[in-house]
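**Q** Quick one: structure below, then a few questions.
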Amino acid sequence: MKIKTLNNIFCPKLYLPLIFVLILVAIPYITSNSYILHLIIMMLFYAVLSGAWNILGGFAGQFSLGHAAFFGLGAYTSTLLFISRKISPWLGMFVGGGFAVISSLIIGFLCFRLRGHFFSLVTIAFSEVLRLLFLNWSSLTGGPVGLLVPLLGNSPIYFQFSSRKPYYFILLVMLLILVFFSYKIRKSQMGLFFLSIREDEVAAQSLGINILKYKLIALSISVFFIAIAGTFYAQYILFLHPDSAMSLNFSVEIALPSIIGGMGTIWGPVVGSFILTPISEFIRALLGGGYAGVYLIIHGGILILTVLLVPSGVTEKIIKYYESVLKKMPGGRNH
Amino acid sequence: MEFTVLAQAIVNGLLMGGLYALISIGLTLIFGVMRIINFAHGDLMMLAMYITYWMFTLYGIDPFISLLMTIPTLFVIGIVIQKFLINRVLEAPPASQMFLTLGVMLIAQNVALLIWKADYRAIRTYYTGSVVNLSGVFVSIPRVVSFSISIILTCILYVFLTRTKSGRAMRATAQNREVASLMGVNISRIYTLAFGIGTACVGAAGTLLSTFYYISPTVGTVFTLTAFLTVVLGGMGSFTGALFGGLIVGLAESLGTVYTATQYRELITFILFIFILLLKPSGLFGKSRV
């Protein structure tokens with residue numbers, strides 16, 4: 001019944017997400033307020049990051065706490081190619097994604113024999129190794145000074161724009177691709193394999209599922225999107241530093257929207273990010289740069305409250321309410 | 001390689017290893033009894049370091065004296081965390097437990113960042129730079145004293161665990177929760193006690209460490225991972241394993257920095273961690289449950 005309803009454009013289950021997307025598309029045409037656009041860009045940005053994390057963490061149940069490393073890898077690769085070889089970040093983005101996938105395959109091949117906490121711990125160790133390497137390798141990465149992306153003004157070929165609007169739409173497209181991808185994975189046989197690995201690895205293995213292979217697939221899809229988001233970040237913020245782009249705190253921030261929104265759901269990371277990011281952005285705007293960590297204190301608090309009160313994430317609650325609304329929407333009764 | 005350089009590295013490594021042992025015993029106690037992995041372990045140590053720093057800077061209290069303050073304070077902090085947070089997720093999936101302690105980590109680190117800023121601080125007492133020259137090998141006095149106190153505390157804890165009723169009940173709970181409960185052990189009291197003692201250990205280690213180590217809001221992360229490394233090496237939940245694991249990790253790090261450079265100390269720790277987890281996940285003494 002549920003599948004059939006999706007074929008019908010008049011079903012609220014389909015037209016409500018469409019309205020949501022249309023609103024997002026319309027916002028830059030309604031307002032040109034640069035702060036509001038920045039806020040929504042950051043909301044979309046964390047939704048993309050966490051949506052990518054969710055493919056590995058939520059679908060396949062492997063909680064990586066080292067995704068910042070792949071983010072940094074993507075960001076630094078495209079930026080360094082841009083600076084030294086004049087290669088457009090549009091291309092560098094995919095080179096960075098490729099690097100991230102290759103390194104993740106090596107790391108995953110080594111680490112996926114570890115389960116639960118120990119997998120998380122070893123991902124922290126790997127990302128810290130990478131962060132310290134980038135911090136000490138000054139001749140390549142600028143080290144502790146950081147790396148400035150050369151400012152070219154408005155040059156779309158080099159992934160730089162003078163207004164926020166193009167950045168906004170690039171991210172929106174990224175998010176839609178990611179959500180579509182997540183949806184396809186969820187509905188596929190592969191998605192079921194991911195799920196079975198998450199629920200019971202031993203049982204999945206005894207049913208003949210190649211666990212390592214599917215964990216590696218989940219990991220490589222996940223880090224590819226993360227690395228691409230890294231390039232976006234570099235081109236948008238125009239500054240990179242190993243301590244901010246590759247830190248453990250950032251890895252936790254990547255995972256946070258999924259945990260709060262609901263791991264393993266398609267909209268969980270989006271909902272999580274749309275709750276968390278405005279809070280952190282408002283706090284930043286309110287307190288200014290001197291109080292860098294305040295929003296992380298609040299994120300920590302929200303994380304603890306979520307674990308204690310709604311362990312499966314808030315999206316589940318929202319969906320329940322949403323479904324009751326659906327029934328009241330025009331066309332809802334017929335399906 | 002000159003002999004004195006090597007001897008120097010061995011001495012420094014062992015002295016640091018004594019502190020790693022104390023930190024790791026705290027972690028392994030909590031894991032052994034509750035099967036909880038505390039990601040905020042190093043950050044609780046960081047709190048103890050700051051308490052020690054401010055006690056010294058504001059009131060001139062000697063760091064070693066402030067042990068009398070940090071141990072009870074961290075014991076109470078541990079009990080509060082256990083009672084109000086950990087207790088509620090004991091039956092929850094491991095992921096929830098992990099995220100909960102991650103939340104504590106985020107809060108501890110960033111509260112410290114907010115109050116004390118990202119500056120690196122150090123305690124300068126009259127004995128900070130004092131060393132004894134043993135035929136070319138320089139032995140730092142604060143390190144020796146810290147090491148000794150750390151070993152004494154470890155011994156006290158060992159006696160507590162093996163000779164007292166509460167200690168035995170704790171070990172019984174670690175071995176089998178249900179049976180211990182049937183024998184009349186008050187499990188929830190033991191949990192609280194174990195978490196309190198675990199954080200008190202890391203609190204003591206933080207104070208001892210602050211006599212010769214820098215203090216910053218993020219100093220805890222590397223120690224959390226070092227403690228995990230040590231605990232995995234010695235076998236999860238094993239007391240003696242954590243003790244010897246600590247000494248081995250201290251030695252390995254120190255020798256590693258001799259052959260590379262000092263700024264790579266943390267890097268060596270992390271690489272060591274990866275290698276141990278991948279090559280010998282069952283630990284050196286083969287008791288691990290990885």
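Each chain in the structure tokens gets a letter, A, B, ..., in the order shown, and its residues are numbered from 1; ligands are numbered from 1 in order too.
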Can you check which residues of chain A have any atom within 9 Å of chain B? Use only C-alpha atoms and format it as number ranges by chain.
**A** A: 63, 110-111, 113-118, 121-126, 128-130, 132-133, 136, 248-249, 252, 259, 290-308, 311
**Q** Suppose we keep C-alpha atoms; can you now write the selection as a PDB file, in the first residue's frame?
**A**
```
ATOM      1  CA  PHE A  63      30.018   4.289  14.441  1.00  0.00           C
ATOM      2  CA  LEU A 110      42.357  -3.151   8.642  1.00  0.00           C
ATOM      3  CA  CYS A 111      39.799  -1.960  11.164  1.00  0.00           C
ATOM      4  CA  ARG A 113      37.648  -6.764  12.214  1.00  0.00           C
ATOM      5  CA  LEU A 114      37.065  -4.685  15.340  1.00  0.00           C
ATOM      6  CA  ARG A 115      33.554  -4.322  16.623  1.00  0.00           C
ATOM      7  CA  GLY A 116      31.562  -1.803  18.590  1.00  0.00           C
ATOM      8  CA  HIS A 117      33.567   0.576  20.742  1.00  0.00           C
ATOM      9  CA  PHE A 118      36.859  -0.614  19.396  1.00  0.00           C
ATOM     10  CA  LEU A 121      38.284   4.068  19.010  1.00  0.00           C
ATOM     11  CA  VAL A 122      40.485   3.044  16.126  1.00  0.00           C
ATOM     12  CA  THR A 123      38.751   5.552  13.827  1.00  0.00           C
ATOM     13  CA  ILE A 124      39.565   8.265  16.382  1.00  0.00           C
ATOM     14  CA  ALA A 125      43.176   7.120  16.397  1.00  0.00           C
ATOM     15  CA  PHE A 126      43.387   7.156  12.593  1.00  0.00           C
ATOM     16  CA  GLU A 128      44.184  11.948  15.008  1.00  0.00           C
ATOM     17  CA  VAL A 129      47.186  10.487  13.179  1.00  0.00           C
ATOM     18  CA  LEU A 130      46.098  12.260  10.017  1.00  0.00           C
ATOM     19  CA  LEU A 132      48.890  15.445  13.507  1.00  0.00           C
ATOM     20  CA  LEU A 133      50.542  14.615  10.182  1.00  0.00           C
ATOM     21  CA  ASN A 136      53.399  18.830  11.294  1.00  0.00           C
ATOM     22  CA  LEU A 248      37.647  14.830  17.203  1.00  0.00           C
ATOM     23  CA  ASN A 249      35.113  17.502  18.156  1.00  0.00           C
ATOM     24  CA  VAL A 252      31.413  14.174  16.824  1.00  0.00           C
ATOM     25  CA  ILE A 259      22.098  10.574  16.497  1.00  0.00           C
ATOM     26  CA  GLY A 290      35.523  34.616  22.005  1.00  0.00           C
ATOM     27  CA  TYR A 291      33.221  31.867  23.158  1.00  0.00           C
ATOM     28  CA  ALA A 292      34.096  29.277  20.550  1.00  0.00           C
ATOM     29  CA  GLY A 293      32.929  26.216  22.435  1.00  0.00           C
ATOM     30  CA  VAL A 294      29.594  27.273  23.918  1.00  0.00           C
ATOM     31  CA  TYR A 295      27.521  25.706  21.177  1.00  0.00           C
ATOM     32  CA  LEU A 296      29.379  22.423  21.718  1.00  0.00           C
ATOM     33  CA  ILE A 297      28.387  22.494  25.386  1.00  0.00           C
ATOM     34  CA  ILE A 298      24.770  22.813  24.277  1.00  0.00           C
ATOM     35  CA  HIS A 299      25.267  20.089  21.670  1.00  0.00           C
ATOM     36  CA  GLY A 300      26.713  17.861  24.378  1.00  0.00           C
ATOM     37  CA  GLY A 301      23.689  18.569  26.552  1.00  0.00           C
ATOM     38  CA  ILE A 302      21.271  17.835  23.716  1.00  0.00           C
ATOM     39  CA  LEU A 303      23.181  14.639  22.952  1.00  0.00           C
ATOM     40  CA  ILE A 304      22.876  13.463  26.560  1.00  0.00           C
ATOM     41  CA  LEU A 305      19.186  14.376  26.722  1.00  0.00           C
ATOM     42  CA  THR A 306      18.522  12.561  23.434  1.00  0.00           C
ATOM     43  CA  VAL A 307      20.255   9.412  24.644  1.00  0.00           C
ATOM     44  CA  LEU A 308      18.304   9.511  27.906  1.00  0.00           C
ATOM     45  CA  PRO A 311      17.219   7.104  22.202  1.00  0.00           C
TER      46      PRO A 311
END
```
**Q** Skip Ile260 (chain A) itself and residues of its chain fewer than 5 positions away, then list as a JSON list (two decimals) with C-alpha atoms, in the first residue's frame all residues within 9 Å of it, counting only C-alpha atoms.
**A**
```
[["chain", "number", "residue", "atom", "x", "y", "z"],
["A", 255, "ALA", "CA", 27.67, 12.27, 13.84],
["A", 268, "GLY", "CA", 16.99, 11.86, 10.61],
["A", 269, "PRO", "CA", 20.23, 13.70, 9.72],
["A", 271, "VAL", "CA", 15.91, 16.91, 10.97],
["A", 272, "GLY", "CA", 18.85, 16.72, 13.40],
["A", 273, "SER", "CA", 20.79, 19.34, 11.51],
["A", 275, "ILE", "CA", 17.41, 21.48, 14.97],
["A", 276, "LEU", "CA", 21.08, 21.72, 15.97],
["A", 302, "ILE", "CA", 21.27, 17.83, 23.72],
["A", 303, "LEU", "CA", 23.18, 14.64, 22.95],
["A", 306, "THR", "CA", 18.52, 12.56, 23.43],
["A", 307, "VAL", "CA", 20.26, 9.41, 24.64],
["A", 310, "VAL", "CA", 14.51, 9.67, 22.94],
["A", 311, "PRO", "CA", 17.22, 7.10, 22.20],
["A", 312, "SER", "CA", 15.86, 6.37, 18.74],
["A", 313, "GLY", "CA", 16.03, 10.03, 17.72],
["A", 314, "VAL", "CA", 13.43, 12.75, 17.44],
["A", 315, "THR", "CA", 12.47, 12.03, 13.82]]
```
**Q** Find the residues around Met190 (chain A) up to 12 Å (only C-alpha atoms counted), leave out those fewer than 6 positions away in its own chain, and share them as a VMD selection string.
**A** chain A and resid 55 59 to 60 182 to 184 196 to 197 209 to 211 213 to 218
**Q** Hey, what's within 12 Å of Ser251 (chain A) if we count only C-alpha atoms and toss same-chain stuff fewer than 6 positions away? As a short mmCIF file (atom, residue, chain, number, x, y, z; two decimals) with N, CA and C atoms, in the first residue's frame, please?
**A**
```cif
data_model
loop_
_atom_site.label_atom_id
_atom_site.label_comp_id
_atom_site.auth_asym_id
_atom_site.auth_seq_id
_atom_site.Cartn_x
_atom_site.Cartn_y
_atom_site.Cartn_z
N TYR A 46 25.55 20.63 7.41
CA TYR A 46 25.60 19.58 8.42
C TYR A 46 24.66 18.43 8.09
N LEU A 49 26.76 16.35 5.73
CA LEU A 49 27.80 15.63 6.47
C LEU A 49 27.21 14.46 7.24
N SER A 50 26.14 14.76 7.98
CA SER A 50 25.60 13.72 8.84
C SER A 50 24.85 12.66 8.04
N TRP A 53 27.48 10.37 7.00
CA TRP A 53 27.88 9.55 8.16
C TRP A 53 26.84 8.47 8.42
N PHE A 63 29.94 2.90 13.99
CA PHE A 63 30.02 4.29 14.44
C PHE A 63 31.42 4.84 14.30
N SER A 64 31.65 5.52 13.20
CA SER A 64 32.95 6.13 13.00
C SER A 64 33.02 7.44 13.77
N LEU A 65 34.12 7.64 14.48
CA LEU A 65 34.36 8.93 15.12
C LEU A 65 35.60 9.57 14.51
N GLY A 66 35.86 9.20 13.24
CA GLY A 66 37.04 9.75 12.58
C GLY A 66 36.71 10.34 11.23
N HIS A 67 35.42 10.64 11.00
CA HIS A 67 35.06 11.13 9.67
C HIS A 67 35.66 12.49 9.34
N ALA A 68 36.05 13.25 10.37
CA ALA A 68 36.69 14.54 10.11
C ALA A 68 37.96 14.35 9.29
N ALA A 69 38.63 13.21 9.45
CA ALA A 69 39.85 12.95 8.69
C ALA A 69 39.55 12.94 7.20
N PHE A 70 38.47 12.29 6.80
CA PHE A 70 38.13 12.20 5.38
C PHE A 70 37.64 13.54 4.86
N PHE A 71 36.96 14.26 5.73
CA PHE A 71 36.54 15.62 5.40
C PHE A 71 37.77 16.47 5.09
N GLY A 72 38.76 16.39 5.99
CA GLY A 72 39.99 17.16 5.80
C GLY A 72 40.74 16.72 4.56
N SER A 120 35.11 2.34 16.85
CA SER A 120 35.05 3.79 17.06
C SER A 120 36.40 4.33 17.54
N THR A 123 38.98 4.46 14.78
CA THR A 123 38.75 5.55 13.83
C THR A 123 39.22 6.89 14.42
N ILE A 124 39.03 7.05 15.73
CA ILE A 124 39.57 8.27 16.38
C ILE A 124 41.07 8.30 16.21
N ALA A 125 41.72 7.17 16.48
CA ALA A 125 43.18 7.12 16.40
C ALA A 125 43.65 7.46 14.98
N PHE A 126 42.99 6.89 13.97
CA PHE A 126 43.39 7.16 12.59
C PHE A 126 43.23 8.63 12.24
N SER A 127 42.12 9.22 12.66
CA SER A 127 41.91 10.61 12.27
C SER A 127 42.86 11.53 13.03
N GLU A 128 43.21 11.15 14.27
CA GLU A 128 44.18 11.95 15.01
C GLU A 128 45.57 11.85 14.36
N ARG A 131 45.43 14.12 11.45
CA ARG A 131 45.44 15.52 11.88
C ARG A 131 46.86 15.95 12.28
N ILE A 226 31.49 12.79 2.27
CA ILE A 226 32.14 13.62 3.28
C ILE A 226 33.27 14.44 2.65
N ASP A 243 43.26 21.64 13.04
CA ASP A 243 42.60 21.56 14.35
C ASP A 243 41.11 21.84 14.29
N SER A 244 40.65 22.52 13.25
CA SER A 244 39.20 22.74 13.18
C SER A 244 38.54 21.76 12.23
N ALA A 245 39.18 21.51 11.08
CA ALA A 245 38.55 20.66 10.07
C ALA A 245 38.75 19.17 10.34
N PRO A 257 23.96 15.22 14.32
CA PRO A 257 22.60 15.36 13.78
C PRO A 257 21.92 14.01 13.54
N LEU B 102 30.32 10.47 25.26
CA LEU B 102 30.81 11.48 24.31
C LEU B 102 30.21 12.84 24.64
N LEU B 106 32.19 16.25 25.39
CA LEU B 106 31.97 17.54 24.73
C LEU B 106 31.78 18.64 25.75
#
```
**Q** Just to confirm, what's the straight-line distance from CA of Ser103 (chain A) to CA of Gly142 (chain A) in Å (one decimal)?
**A**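 Computing the Euclidean distance for CA of Ser103 (chain A) and CA of Gly142 (chain A) yields 21.7 Å.
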**Q** Write out as a PyMOL selection string which residues come within 6 Å of Leu74 (chain B) when counting only C-alpha atoms, dropping same-chain ones fewer than 3 positions away.
**A** chain B and resi 70-71+77-78+199-200+203
**Q** What would the file look like if the residues just selected were written as a PDB file, in the first residue's frame with N, CA and C atoms?
**A**
```
ATOM      1  N   THR B  70      41.631  16.918  45.036  1.00  0.00           N
ATOM      2  CA  THR B  70      41.147  16.421  43.744  1.00  0.00           C
ATOM      3  C   THR B  70      40.593  15.001  43.853  1.00  0.00           C
ATOM      4  N   ILE B  71      41.195  14.174  44.679  1.00  0.00           N
ATOM      5  CA  ILE B  71      40.696  12.794  44.771  1.00  0.00           C
ATOM      6  C   ILE B  71      39.240  12.769  45.234  1.00  0.00           C
ATOM      7  N   ILE B  77      32.371  13.784  41.570  1.00  0.00           N
ATOM      8  CA  ILE B  77      31.960  14.007  40.174  1.00  0.00           C
ATOM      9  C   ILE B  77      31.604  12.662  39.525  1.00  0.00           C
ATOM     10  N   GLY B  78      32.447  11.670  39.782  1.00  0.00           N
ATOM     11  CA  GLY B  78      32.200  10.335  39.232  1.00  0.00           C
ATOM     12  C   GLY B  78      30.868   9.775  39.693  1.00  0.00           C
ATOM     13  N   THR B 199      37.042   7.409  38.585  1.00  0.00           N
ATOM     14  CA  THR B 199      37.328   8.815  38.277  1.00  0.00           C
ATOM     15  C   THR B 199      38.276   9.420  39.308  1.00  0.00           C
ATOM     16  N   ALA B 200      38.218   8.921  40.569  1.00  0.00           N
ATOM     17  CA  ALA B 200      39.176   9.409  41.564  1.00  0.00           C
ATOM     18  C   ALA B 200      40.593   9.049  41.142  1.00  0.00           C
ATOM     19  N   GLY B 203      41.601  11.362  38.538  1.00  0.00           N
ATOM     20  CA  GLY B 203      41.777  12.668  39.167  1.00  0.00           C
ATOM     21  C   GLY B 203      43.140  12.772  39.822  1.00  0.00           C
TER      22      GLY B 203
END
```
**Q** Pick out the residues sitting within 8 Å of Val231 (chain B), and hand them over as a list of chain:residue names; count only C-alpha atoms, and ignore anything fewer than 4 positions along from it in its own chain.
**A**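 The filter keeps B:Ser24, B:Ile25, B:Leu27, B:Thr28, B:Ala227, B:Gly235, B:Met236, B:Gly237, B:Ser238, B:Gly241, B:Ala242, B:Gly245.
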**Q** Take CA of Met43 (chain A) and CA of Gly191 (chain A) and report the distance between them in Å, one decimal.
**A**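 CA of Gly191 (chain A) lies 26.1 Å from CA of Met43 (chain A).
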**Q** Among the residues of region 7-245 of chain B, find those DSSP assigns to helix (DSSP H, G or I) from the backbone and print them as a PyMOL selection string.
**A** chain B and resi 7-34+41-59+67-84+86-89+94-116+141-163+165-175+177-182+187-209+219-234+239-245
**Q** So how many Å separate CA of Gly42 (chain B) and CA of Leu90 (chain B), to one decimal?
**A**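 Result for CA of Gly42 (chain B) versus CA of Leu90 (chain B): 21.0 Å, one decimal.
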**Q** Distance table requested - region 229-291 of chain A against region 158-164 of chain A, cut-off 12 Å, only C-alpha atoms: one row per qualifying residue with the closest atom pair and its distance in Å to one decimal, ordered by chain and rising residue number, as CSV.
**A**
```
residue,atom,partner,partner_atom,distance
A:Thr231,CA,A:Phe159,CA,9.4
A:Phe232,CA,A:Phe159,CA,8.4
A:Tyr233,CA,A:Phe159,CA,11.0
A:Ala234,CA,A:Phe159,CA,9.9
A:Gln235,CA,A:Gln160,CA,6.4
A:Tyr236,CA,A:Gln160,CA,7.6
A:Ile237,CA,A:Gln160,CA,10.5
A:Leu238,CA,A:Gln160,CA,9.4
```
**Q** The selected residues should be written to file as a PDB file, in the first residue's frame (atoms: N, CA and C atoms).
**A**
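Heads up, here's the output in part_3.pdb:
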```pdb
ATOM      1  N   THR A 231      35.489  19.719   0.243  1.00  0.00           N
ATOM      2  CA  THR A 231      35.833  20.684  -0.801  1.00  0.00           C
ATOM      3  C   THR A 231      34.889  21.881  -0.754  1.00  0.00           C
ATOM      4  N   PHE A 232      33.607  21.599  -0.587  1.00  0.00           N
ATOM      5  CA  PHE A 232      32.650  22.693  -0.508  1.00  0.00           C
ATOM      6  C   PHE A 232      33.037  23.653   0.614  1.00  0.00           C
ATOM      7  N   TYR A 233      33.344  23.069   1.787  1.00  0.00           N
ATOM      8  CA  TYR A 233      33.704  23.862   2.961  1.00  0.00           C
ATOM      9  C   TYR A 233      34.911  24.751   2.661  1.00  0.00           C
ATOM     10  N   ALA A 234      35.936  24.135   2.025  1.00  0.00           N
ATOM     11  CA  ALA A 234      37.141  24.898   1.703  1.00  0.00           C
ATOM     12  C   ALA A 234      36.810  26.076   0.798  1.00  0.00           C
ATOM     13  N   GLN A 235      35.940  25.860  -0.192  1.00  0.00           N
ATOM     14  CA  GLN A 235      35.620  26.922  -1.147  1.00  0.00           C
ATOM     15  C   GLN A 235      34.672  27.968  -0.551  1.00  0.00           C
ATOM     16  N   TYR A 236      33.949  27.556   0.459  1.00  0.00           N
ATOM     17  CA  TYR A 236      32.983  28.473   1.060  1.00  0.00           C
ATOM     18  C   TYR A 236      33.631  29.302   2.173  1.00  0.00           C
ATOM     19  N   ILE A 237      34.364  28.627   3.061  1.00  0.00           N
ATOM     20  CA  ILE A 237      34.999  29.309   4.191  1.00  0.00           C
ATOM     21  C   ILE A 237      36.326  29.932   3.762  1.00  0.00           C
ATOM     22  N   LEU A 238      36.982  29.307   2.760  1.00  0.00           N
ATOM     23  CA  LEU A 238      38.249  29.782   2.197  1.00  0.00           C
ATOM     24  C   LEU A 238      39.415  29.709   3.175  1.00  0.00           C
TER      25      LEU A 238
END
```
**Q** Measuring between only C-alpha atoms, which one of B:Met45, B:Leu68, B:Leu251, B:Ala180 shows the shortest distance to Arg265 (chain B)?
**A** B:Leu251
